[in-house]
There are 2 protein chains.
Amino acid sequence: MSRTFQLWMKSIQGEVEVSLQEYLPSVQATPQRLHEAMAYAVLDGGKRVRPLLVFAAGKLFNAPQELLSRAACAVEMIHAYSLVHDDMPCMDDDALRRGKPTVHKKYDEATALLVGDALQAQAFLVLSESEANADQKLPMIQLLAQASGSVGMCGGQAIDLASVGLSLTREQLEQMHRLKTGALLRASVILGAMSGKRLETNEIAALDAYSAAVGLAFQVVDDVLDATADSATLGKTAGKDAADNKPTYVSLLGLEASQQLAQQLCQDAHQALAIFGESAQHLHDLADLIVQRKA
Amino acid sequence: MSRTFQLWMKSIQGEVEVSLQEYLPSVQATPQRLHEAMAYAVLDGGKRVRPLLVFAAGKLFNAPQELLSRAACAVEMIHAYSLVHDDMPCMDDDALRRGKPTVHKKYDEATALLVGDALQAQAFLVLSESEANADQKLPMIQLLAQASGSVGMCGGQAIDLASVGLSLTREQLEQMHRLKTGALLRASVILGAMSGKRLETNEIAALDAYSAAVGLAFQVVDDVLDATADSATLGKTAGKDAADNKPTYVSLLGLEASQQLAQQLCQDAHQALAIFGESAQHLHDLADLIVQRKA
């Protein structure tokens, strides 16, 4: 990982933290407890992979900073809400997230439900509320809604739930992940690029190929880490997939083949970016980061 | 209730039912069970008060039909998602809704959670997905997000949860309802009017006064019905507020004073519409309907 990339990453992560604070409702405003819980769910945690993808893709076409920031925060709020709801007892029933008690443990289940619901609304508010770049925003909101909903992230969750205890084929596992995590990762990339200009068909195709490879690699690495790392490193309960009898790449292909697959997908991601030249440097770096991460 | 109004109401309810079907994801599409459960939560039920308000307010400025229809369906999807989540065990734990088993009873809790999440995304998708009237849509999306989120409907829910077992003042009770149900009823009225044109300050003020009165009347009547009607008539569990020890207008003011308050609010609603003349006829009729309803 180059020093330039590391510095860029830190600066984006810092900027996103400040923007998230700014775009969340004030914790002084009523209802305070809900607003505190929303901030707890969103702030001071996570690698901010999706915002990094938004900003990296924004580099392709010199997208304006405010629009990128709004898109990045909107995507991150959607991601954060999905984690809050996923951790609830009726879903994954998890007590630990990013090294801290999950929202329903720290507060209560009803609050966790409302935190997720309110964060989703907040995401669409953040993306819609300034009048700047109005003509670009409508298709961006549409993309985010599609990626979050029943044919995107929520749909992937539903397939995931239905597949516990079943032996999925590799194709079925892939389809599940394409929706569950892939849809929002793709949205991050496309939203970043759309913040710069209206995209050409070949540009969308290249970004789709990149997103598909990175999204899948992300999941394969997640499965590898779940099988090999400990809870302290992960900041969440390790070994949970096996314990829950969930199908994973490791259970399907074995550990070594999964690691090889992640490497192959990483190469696919690099190749997909060829048409963009040097403006895609940070997207290249992020592909490497996602495959080489340890947590 | 005039024959003209009754016919109009039936035609809007029919039109909304068809549009909701059209704007929901196909039940043939994957994941089918989630899509079935979304349709179960939204279709074939309810009085469609919010869509009626959208279309009635649309009459003020001759709003285009498709935009009204999208706004009406978006608001109704938000309303439907909130009912699905409210009924869950960690919230109101209710088994009956619109005379049918609630979503988590008919399906399961995890599905109910995802149905609500996906319906919220679908609401924003419906409002954003056509390019027609693009300039009007961005502020409409903003309004819907605000009315649904932590300073609107979700915020009202949070205050409601926090107030179980407490003795609220009338002002506190009013603030809770202004957010919990009032915000989305107001959004329905304003969205309908905004579908026609960019609103002047005095027009917004008049519609706010109308919405505030109708919204509060709606809640007072709800409390009266919960105390006086039976479950079969209501299509949901009656007497639940008292059983849950929730503060209501009836517990605070008594039955008779609550009924008088509803009448007074209805008059306030009529007065607020004065500046619109005859174009507000259906908004007048809806105020009467909301106060005189029996379920």
# chains A, B, ... in the order shown; residues from 1 in each chain; ligands from 1
$ closest_atom_pairs --of "chain A" --to "chain B" --cutoff "8 Å" --atoms "only C-alpha atoms" --output "JSON lines"
{"residue": "A:Pro25", "atom": "CA", "partner": "B:Ser150", "partner_atom": "CA", "distance": 7.7}
{"residue": "A:Thr30", "atom": "CA", "partner": "B:Val151", "partner_atom": "CA", "distance": 7.4}
{"residue": "A:Pro31", "atom": "CA", "partner": "B:Gly155", "partner_atom": "CA", "distance": 6.0}
{"residue": "A:Leu34", "atom": "CA", "partner": "B:Ala158", "partner_atom": "CA", "distance": 6.6}
{"residue": "A:His35", "atom": "CA", "partner": "B:Ser150", "partner_atom": "CA", "distance": 7.3}
{"residue": "A:His85", "atom": "CA", "partner": "B:Leu113", "partner_atom": "CA", "distance": 7.7}
{"residue": "A:Cys90", "atom": "CA", "partner": "B:Ala110", "partner_atom": "CA", "distance": 5.3}
{"residue": "A:Met91", "atom": "CA", "partner": "B:Ala110", "partner_atom": "CA", "distance": 5.6}
{"residue": "A:Glu109", "atom": "CA", "partner": "B:Cys90", "partner_atom": "CA", "distance": 5.9}
{"residue": "A:Ala110", "atom": "CA", "partner": "B:Cys90", "partner_atom": "CA", "distance": 5.3}
{"residue": "A:Thr111", "atom": "CA", "partner": "B:Ala158", "partner_atom": "CA", "distance": 7.1}
{"residue": "A:Leu113", "atom": "CA", "partner": "B:His85", "partner_atom": "CA", "distance": 7.7}
{"residue": "A:Leu114", "atom": "CA", "partner": "B:Cys154", "partner_atom": "CA", "distance": 6.1}
{"residue": "A:Asp117", "atom": "CA", "partner": "B:Asp117", "partner_atom": "CA", "distance": 7.0}
{"residue": "A:Ala118", "atom": "CA", "partner": "B:Gly149", "partner_atom": "CA", "distance": 4.5}
{"residue": "A:Leu119", "atom": "CA", "partner": "B:Gly149", "partner_atom": "CA", "distance": 7.4}
{"residue": "A:Gln120", "atom": "CA", "partner": "B:Gln120", "partner_atom": "CA", "distance": 7.8}
{"residue": "A:Ala121", "atom": "CA", "partner": "B:Ala145", "partner_atom": "CA", "distance": 5.0}
{"residue": "A:Gln122", "atom": "CA", "partner": "B:Gly149", "partner_atom": "CA", "distance": 6.3}
{"residue": "A:Phe124", "atom": "CA", "partner": "B:Ala145", "partner_atom": "CA", "distance": 6.1}
{"residue": "A:Leu125", "atom": "CA", "partner": "B:Ala145", "partner_atom": "CA", "distance": 5.2}
{"residue": "A:Ser128", "atom": "CA", "partner": "B:Gln142", "partner_atom": "CA", "distance": 5.3}
{"residue": "A:Glu129", "atom": "CA", "partner": "B:Gln142", "partner_atom": "CA", "distance": 5.5}
{"residue": "A:Ala134", "atom": "CA", "partner": "B:Leu138", "partner_atom": "CA", "distance": 7.1}
{"residue": "A:Asp135", "atom": "CA", "partner": "B:Ala134", "partner_atom": "CA", "distance": 7.6}
{"residue": "A:Lys137", "atom": "CA", "partner": "B:Leu138", "partner_atom": "CA", "distance": 7.7}
{"residue": "A:Leu138", "atom": "CA", "partner": "B:Ser128", "partner_atom": "CA", "distance": 6.0}
{"residue": "A:Pro139", "atom": "CA", "partner": "B:Ser128", "partner_atom": "CA", "distance": 7.2}
{"residue": "A:Ile141", "atom": "CA", "partner": "B:Ser128", "partner_atom": "CA", "distance": 6.5}
{"residue": "A:Gln142", "atom": "CA", "partner": "B:Ser128", "partner_atom": "CA", "distance": 5.3}
{"residue": "A:Ala145", "atom": "CA", "partner": "B:Ala121", "partner_atom": "CA", "distance": 5.0}
{"residue": "A:Gln146", "atom": "CA", "partner": "B:Leu125", "partner_atom": "CA", "distance": 6.5}
{"residue": "A:Ser148", "atom": "CA", "partner": "B:Ala121", "partner_atom": "CA", "distance": 6.3}
{"residue": "A:Gly149", "atom": "CA", "partner": "B:Ala118", "partner_atom": "CA", "distance": 4.5}
{"residue": "A:Ser150", "atom": "CA", "partner": "B:Ala118", "partner_atom": "CA", "distance": 5.2}
{"residue": "A:Val151", "atom": "CA", "partner": "B:Thr30", "partner_atom": "CA", "distance": 7.4}
{"residue": "A:Cys154", "atom": "CA", "partner": "B:Ala118", "partner_atom": "CA", "distance": 5.9}
{"residue": "A:Gly155", "atom": "CA", "partner": "B:Pro31", "partner_atom": "CA", "distance": 6.0}
{"residue": "A:Gln157", "atom": "CA", "partner": "B:Leu114", "partner_atom": "CA", "distance": 7.8}
{"residue": "A:Ala158", "atom": "CA", "partner": "B:Leu34", "partner_atom": "CA", "distance": 6.6}
{"residue": "A:Ile159", "atom": "CA", "partner": "B:Pro31", "partner_atom": "CA", "distance": 6.5}
$ write_last_selection --atoms "N, CA and C atoms" --output "tab-separated table (two decimals), in the first residue's frame"
chain	number	residue	atom	x	y	z
A	25	PRO	N	-28.91	13.86	12.65
A	25	PRO	CA	-29.64	14.83	13.47
A	25	PRO	C	-28.86	15.11	14.75
A	30	THR	N	-34.83	16.70	20.07
A	30	THR	CA	-35.79	15.67	20.48
A	30	THR	C	-36.10	14.75	19.31
A	31	PRO	N	-36.22	13.45	19.50
A	31	PRO	CA	-35.98	12.67	20.73
A	31	PRO	C	-34.48	12.34	20.90
A	34	LEU	N	-33.05	8.61	20.82
A	34	LEU	CA	-33.00	8.05	19.47
A	34	LEU	C	-31.81	8.63	18.70
A	35	HIS	N	-31.62	9.93	18.83
A	35	HIS	CA	-30.52	10.57	18.11
A	35	HIS	C	-29.15	10.13	18.63
A	85	HIS	N	-30.02	-3.62	12.12
A	85	HIS	CA	-31.14	-4.56	11.99
A	85	HIS	C	-30.65	-6.01	11.92
A	90	CYS	N	-33.97	-11.30	16.11
A	90	CYS	CA	-34.75	-12.07	15.12
A	90	CYS	C	-33.94	-12.31	13.84
A	91	MET	N	-32.77	-11.66	13.72
A	91	MET	CA	-31.90	-11.91	12.56
A	91	MET	C	-30.67	-12.69	13.03
A	109	GLU	N	-34.28	-3.41	21.99
A	109	GLU	CA	-34.66	-3.86	20.65
A	109	GLU	C	-35.51	-2.85	19.89
A	110	ALA	N	-36.48	-2.26	20.61
A	110	ALA	CA	-37.37	-1.30	19.94
A	110	ALA	C	-36.56	-0.12	19.42
A	111	THR	N	-35.61	0.34	20.22
A	111	THR	CA	-34.77	1.46	19.79
A	111	THR	C	-33.92	1.07	18.59
A	113	LEU	N	-34.66	-1.08	16.30
A	113	LEU	CA	-35.55	-1.10	15.14
A	113	LEU	C	-35.74	0.32	14.60
A	114	LEU	N	-36.03	1.26	15.51
A	114	LEU	CA	-36.26	2.65	15.10
A	114	LEU	C	-34.99	3.33	14.59
A	117	ASP	N	-34.62	2.23	11.03
A	117	ASP	CA	-35.64	2.89	10.20
A	117	ASP	C	-35.31	4.36	9.97
A	118	ALA	N	-34.92	5.04	11.04
A	118	ALA	CA	-34.64	6.47	10.94
A	118	ALA	C	-33.36	6.74	10.14
A	119	LEU	N	-32.38	5.84	10.27
A	119	LEU	CA	-31.14	6.01	9.49
A	119	LEU	C	-31.40	5.85	7.99
A	120	GLN	N	-32.30	4.93	7.64
A	120	GLN	CA	-32.61	4.80	6.21
A	120	GLN	C	-33.23	6.09	5.69
A	121	ALA	N	-34.18	6.65	6.43
A	121	ALA	CA	-34.80	7.91	6.01
A	121	ALA	C	-33.74	9.02	5.93
A	122	GLN	N	-32.84	9.03	6.90
A	122	GLN	CA	-31.79	10.05	6.95
A	122	GLN	C	-30.88	9.96	5.71
A	124	PHE	N	-31.71	9.06	2.70
A	124	PHE	CA	-32.38	9.68	1.56
A	124	PHE	C	-32.50	11.19	1.75
A	125	LEU	N	-32.60	11.62	3.01
A	125	LEU	CA	-32.64	13.05	3.30
A	125	LEU	C	-31.30	13.71	2.92
A	128	SER	N	-30.95	14.13	-0.73
A	128	SER	CA	-31.93	14.98	-1.43
A	128	SER	C	-31.94	16.42	-0.95
A	129	GLU	N	-31.30	16.73	0.22
A	129	GLU	CA	-31.68	17.99	0.84
A	129	GLU	C	-31.03	19.26	0.32
A	134	ALA	N	-28.96	19.43	-8.57
A	134	ALA	CA	-30.29	18.81	-8.53
A	134	ALA	C	-30.49	17.80	-9.66
A	135	ASP	N	-30.00	18.13	-10.85
A	135	ASP	CA	-30.25	17.25	-12.00
A	135	ASP	C	-29.55	15.90	-11.85
A	137	LYS	N	-29.00	14.43	-8.88
A	137	LYS	CA	-29.41	13.72	-7.67
A	137	LYS	C	-30.55	12.73	-7.86
A	138	LEU	N	-31.50	13.07	-8.73
A	138	LEU	CA	-32.67	12.19	-8.85
A	138	LEU	C	-32.25	10.77	-9.26
A	139	PRO	N	-31.44	10.60	-10.34
A	139	PRO	CA	-31.00	9.22	-10.66
A	139	PRO	C	-30.13	8.60	-9.56
A	141	ILE	N	-30.57	9.06	-6.27
A	141	ILE	CA	-31.51	8.58	-5.25
A	141	ILE	C	-32.15	7.27	-5.71
A	142	GLN	N	-32.51	7.27	-6.98
A	142	GLN	CA	-33.11	6.06	-7.57
A	142	GLN	C	-32.17	4.86	-7.45
A	145	ALA	N	-31.95	3.71	-3.79
A	145	ALA	CA	-33.17	3.01	-3.36
A	145	ALA	C	-33.20	1.59	-3.91
A	146	GLN	N	-32.81	1.45	-5.18
A	146	GLN	CA	-32.80	0.13	-5.80
A	146	GLN	C	-31.78	-0.79	-5.13
A	148	SER	N	-30.67	-0.67	-2.14
A	148	SER	CA	-30.98	-0.95	-0.74
A	148	SER	C	-32.16	-1.89	-0.58
A	149	GLY	N	-33.04	-1.93	-1.55
A	149	GLY	CA	-34.34	-2.55	-1.35
A	149	GLY	C	-34.41	-4.03	-1.65
A	150	SER	N	-35.59	-4.46	-2.06
A	150	SER	CA	-35.88	-5.90	-2.15
A	150	SER	C	-35.18	-6.60	-3.29
A	151	VAL	N	-34.70	-5.85	-4.29
A	151	VAL	CA	-33.90	-6.48	-5.34
A	151	VAL	C	-32.42	-6.14	-5.15
A	154	CYS	N	-31.74	-5.72	0.89
A	154	CYS	CA	-32.78	-6.42	1.67
A	154	CYS	C	-33.12	-7.77	1.04
A	155	GLY	N	-33.13	-7.81	-0.28
A	155	GLY	CA	-33.40	-9.08	-0.96
A	155	GLY	C	-32.31	-10.10	-0.66
A	157	GLN	N	-30.49	-10.24	2.03
A	157	GLN	CA	-30.74	-10.67	3.42
A	157	GLN	C	-31.81	-11.76	3.46
A	158	ALA	N	-32.86	-11.55	2.69
A	158	ALA	CA	-33.96	-12.51	2.68
A	158	ALA	C	-33.48	-13.86	2.16
A	159	ILE	N	-32.66	-13.83	1.10
A	159	ILE	CA	-32.12	-15.09	0.55
A	159	ILE	C	-31.18	-15.73	1.57
$ select_by_dssp --residues "segment 85-154 of chain B" --states "strand (DSSP E)" --output "PyMOL selection string"
chain B and resi 96-97+100-101
$ closest_residue --among "A:Leu20, A:Val164, A:Leu67, A:Met1" --to "Lys197 of chain A" --atoms "only C-alpha atoms"
A:Leu67
$ residues_around --residues "Cys73 of chain B" --least-positions-apart "2" --cutoff "8 Å" --atoms "only C-alpha atoms" --output "count of residues only"
13
$ atom_distance --atom1 "atom CA of Ala287 of chain A" --atom2 "atom CA of Lys246 of chain A"
25.8 Å
$ residues_around --residues "segment 223-231 of chain B" --least-positions-apart "3" --cutoff "12 Å" --atoms "only C-alpha atoms" --output "count of residues only"
47
$ residues_around --residues "Leu52 of chain A" --least-positions-apart "3" --cutoff "8 Å" --atoms "only C-alpha atoms" --output "mmCIF file with N, CA, C and O atoms, in the first residue's frame"
data_model
loop_
_atom_site.group_PDB
_atom_site.id
_atom_site.type_symbol
_atom_site.label_atom_id
_atom_site.label_comp_id
_atom_site.auth_asym_id
_atom_site.auth_seq_id
_atom_site.Cartn_x
_atom_site.Cartn_y
_atom_site.Cartn_z
ATOM 1 N N MET A 9 -6.480 7.835 2.150
ATOM 2 C CA MET A 9 -7.487 7.056 2.860
ATOM 3 C C MET A 9 -7.786 7.680 4.221
ATOM 4 O O MET A 9 -8.937 7.860 4.588
ATOM 5 N N ILE A 12 -9.823 10.875 3.773
ATOM 6 C CA ILE A 12 -11.238 10.619 3.444
ATOM 7 C C ILE A 12 -11.974 10.100 4.680
ATOM 8 O O ILE A 12 -13.098 10.533 4.980
ATOM 9 N N GLN A 13 -11.349 9.176 5.401
ATOM 10 C CA GLN A 13 -12.008 8.635 6.599
ATOM 11 C C GLN A 13 -12.299 9.752 7.599
ATOM 12 O O GLN A 13 -13.363 9.792 8.210
ATOM 13 N N ARG A 48 -15.136 2.221 6.704
ATOM 14 C CA ARG A 48 -15.699 3.171 5.724
ATOM 15 C C ARG A 48 -15.348 2.759 4.300
ATOM 16 O O ARG A 48 -14.979 3.615 3.462
ATOM 17 N N VAL A 49 -15.440 1.451 4.030
ATOM 18 C CA VAL A 49 -15.124 0.950 2.693
ATOM 19 C C VAL A 49 -16.006 1.602 1.635
ATOM 20 O O VAL A 49 -15.519 2.004 0.564
ATOM 21 N N PHE A 55 -15.587 8.048 -2.981
ATOM 22 C CA PHE A 55 -14.591 9.085 -3.253
ATOM 23 C C PHE A 55 -13.572 8.645 -4.304
ATOM 24 O O PHE A 55 -13.141 9.450 -5.125
ATOM 25 N N ALA A 56 -13.186 7.366 -4.267
ATOM 26 C CA ALA A 56 -12.236 6.869 -5.272
ATOM 27 C C ALA A 56 -12.853 6.943 -6.664
ATOM 28 O O ALA A 56 -12.188 7.353 -7.633
ATOM 29 N N ALA A 72 -21.492 9.611 -0.107
ATOM 30 C CA ALA A 72 -20.740 8.719 0.783
ATOM 31 C C ALA A 72 -21.466 8.528 2.114
ATOM 32 O O ALA A 72 -21.575 7.406 2.621
ATOM 33 N N LEU A 286 -7.946 0.321 -3.681
ATOM 34 C CA LEU A 286 -9.000 -0.217 -2.812
ATOM 35 C C LEU A 286 -9.247 -1.700 -3.061
ATOM 36 O O LEU A 286 -9.525 -2.457 -2.129
#
$ residues_around --residues "Leu185 of chain B" --least-positions-apart "4" --cutoff "9 Å" --atoms "only C-alpha atoms" --output "ChimeraX atom specification"
/B:49-50,53,75,147,181,189-190,211-212,214-215
$ residues_around --residues "Ser2 of chain B" --least-positions-apart "4" --cutoff "12 Å" --atoms "only C-alpha atoms" --output "mmCIF file with C-alpha atoms, in the first residue's frame"
data_model
loop_
_atom_site.group_PDB
_atom_site.id
_atom_site.type_symbol
_atom_site.label_atom_id
_atom_site.label_comp_id
_atom_site.auth_asym_id
_atom_site.auth_seq_id
_atom_site.Cartn_x
_atom_site.Cartn_y
_atom_site.Cartn_z
ATOM 1 C CA GLN B 6 -68.134 9.009 -2.135
ATOM 2 C CA LEU B 7 -67.659 8.266 -5.827
ATOM 3 C CA TRP B 8 -64.400 10.213 -5.961
ATOM 4 C CA MET B 9 -63.118 8.392 -2.894
ATOM 5 C CA GLN B 281 -63.716 20.675 -1.534
ATOM 6 C CA HIS B 282 -62.230 17.183 -1.173
ATOM 7 C CA HIS B 284 -63.018 19.644 3.432
ATOM 8 C CA ASP B 285 -64.786 16.334 2.876
ATOM 9 C CA LEU B 286 -61.781 14.366 4.162
ATOM 10 C CA ASP B 288 -65.318 15.447 8.000
ATOM 11 C CA LEU B 289 -64.637 11.820 7.102
#
$ closest_residue --among "A:Ala209, A:Leu60, A:Val18, A:Val42" --to "Gly192 of chain A" --atoms "only C-alpha atoms"
A:Leu60
$ closest_residue --among "A:Ala37, A:Met194, A:Leu265, A:Ala183" --to "Pro64 of chain A" --atoms "only C-alpha atoms"
A:Met194
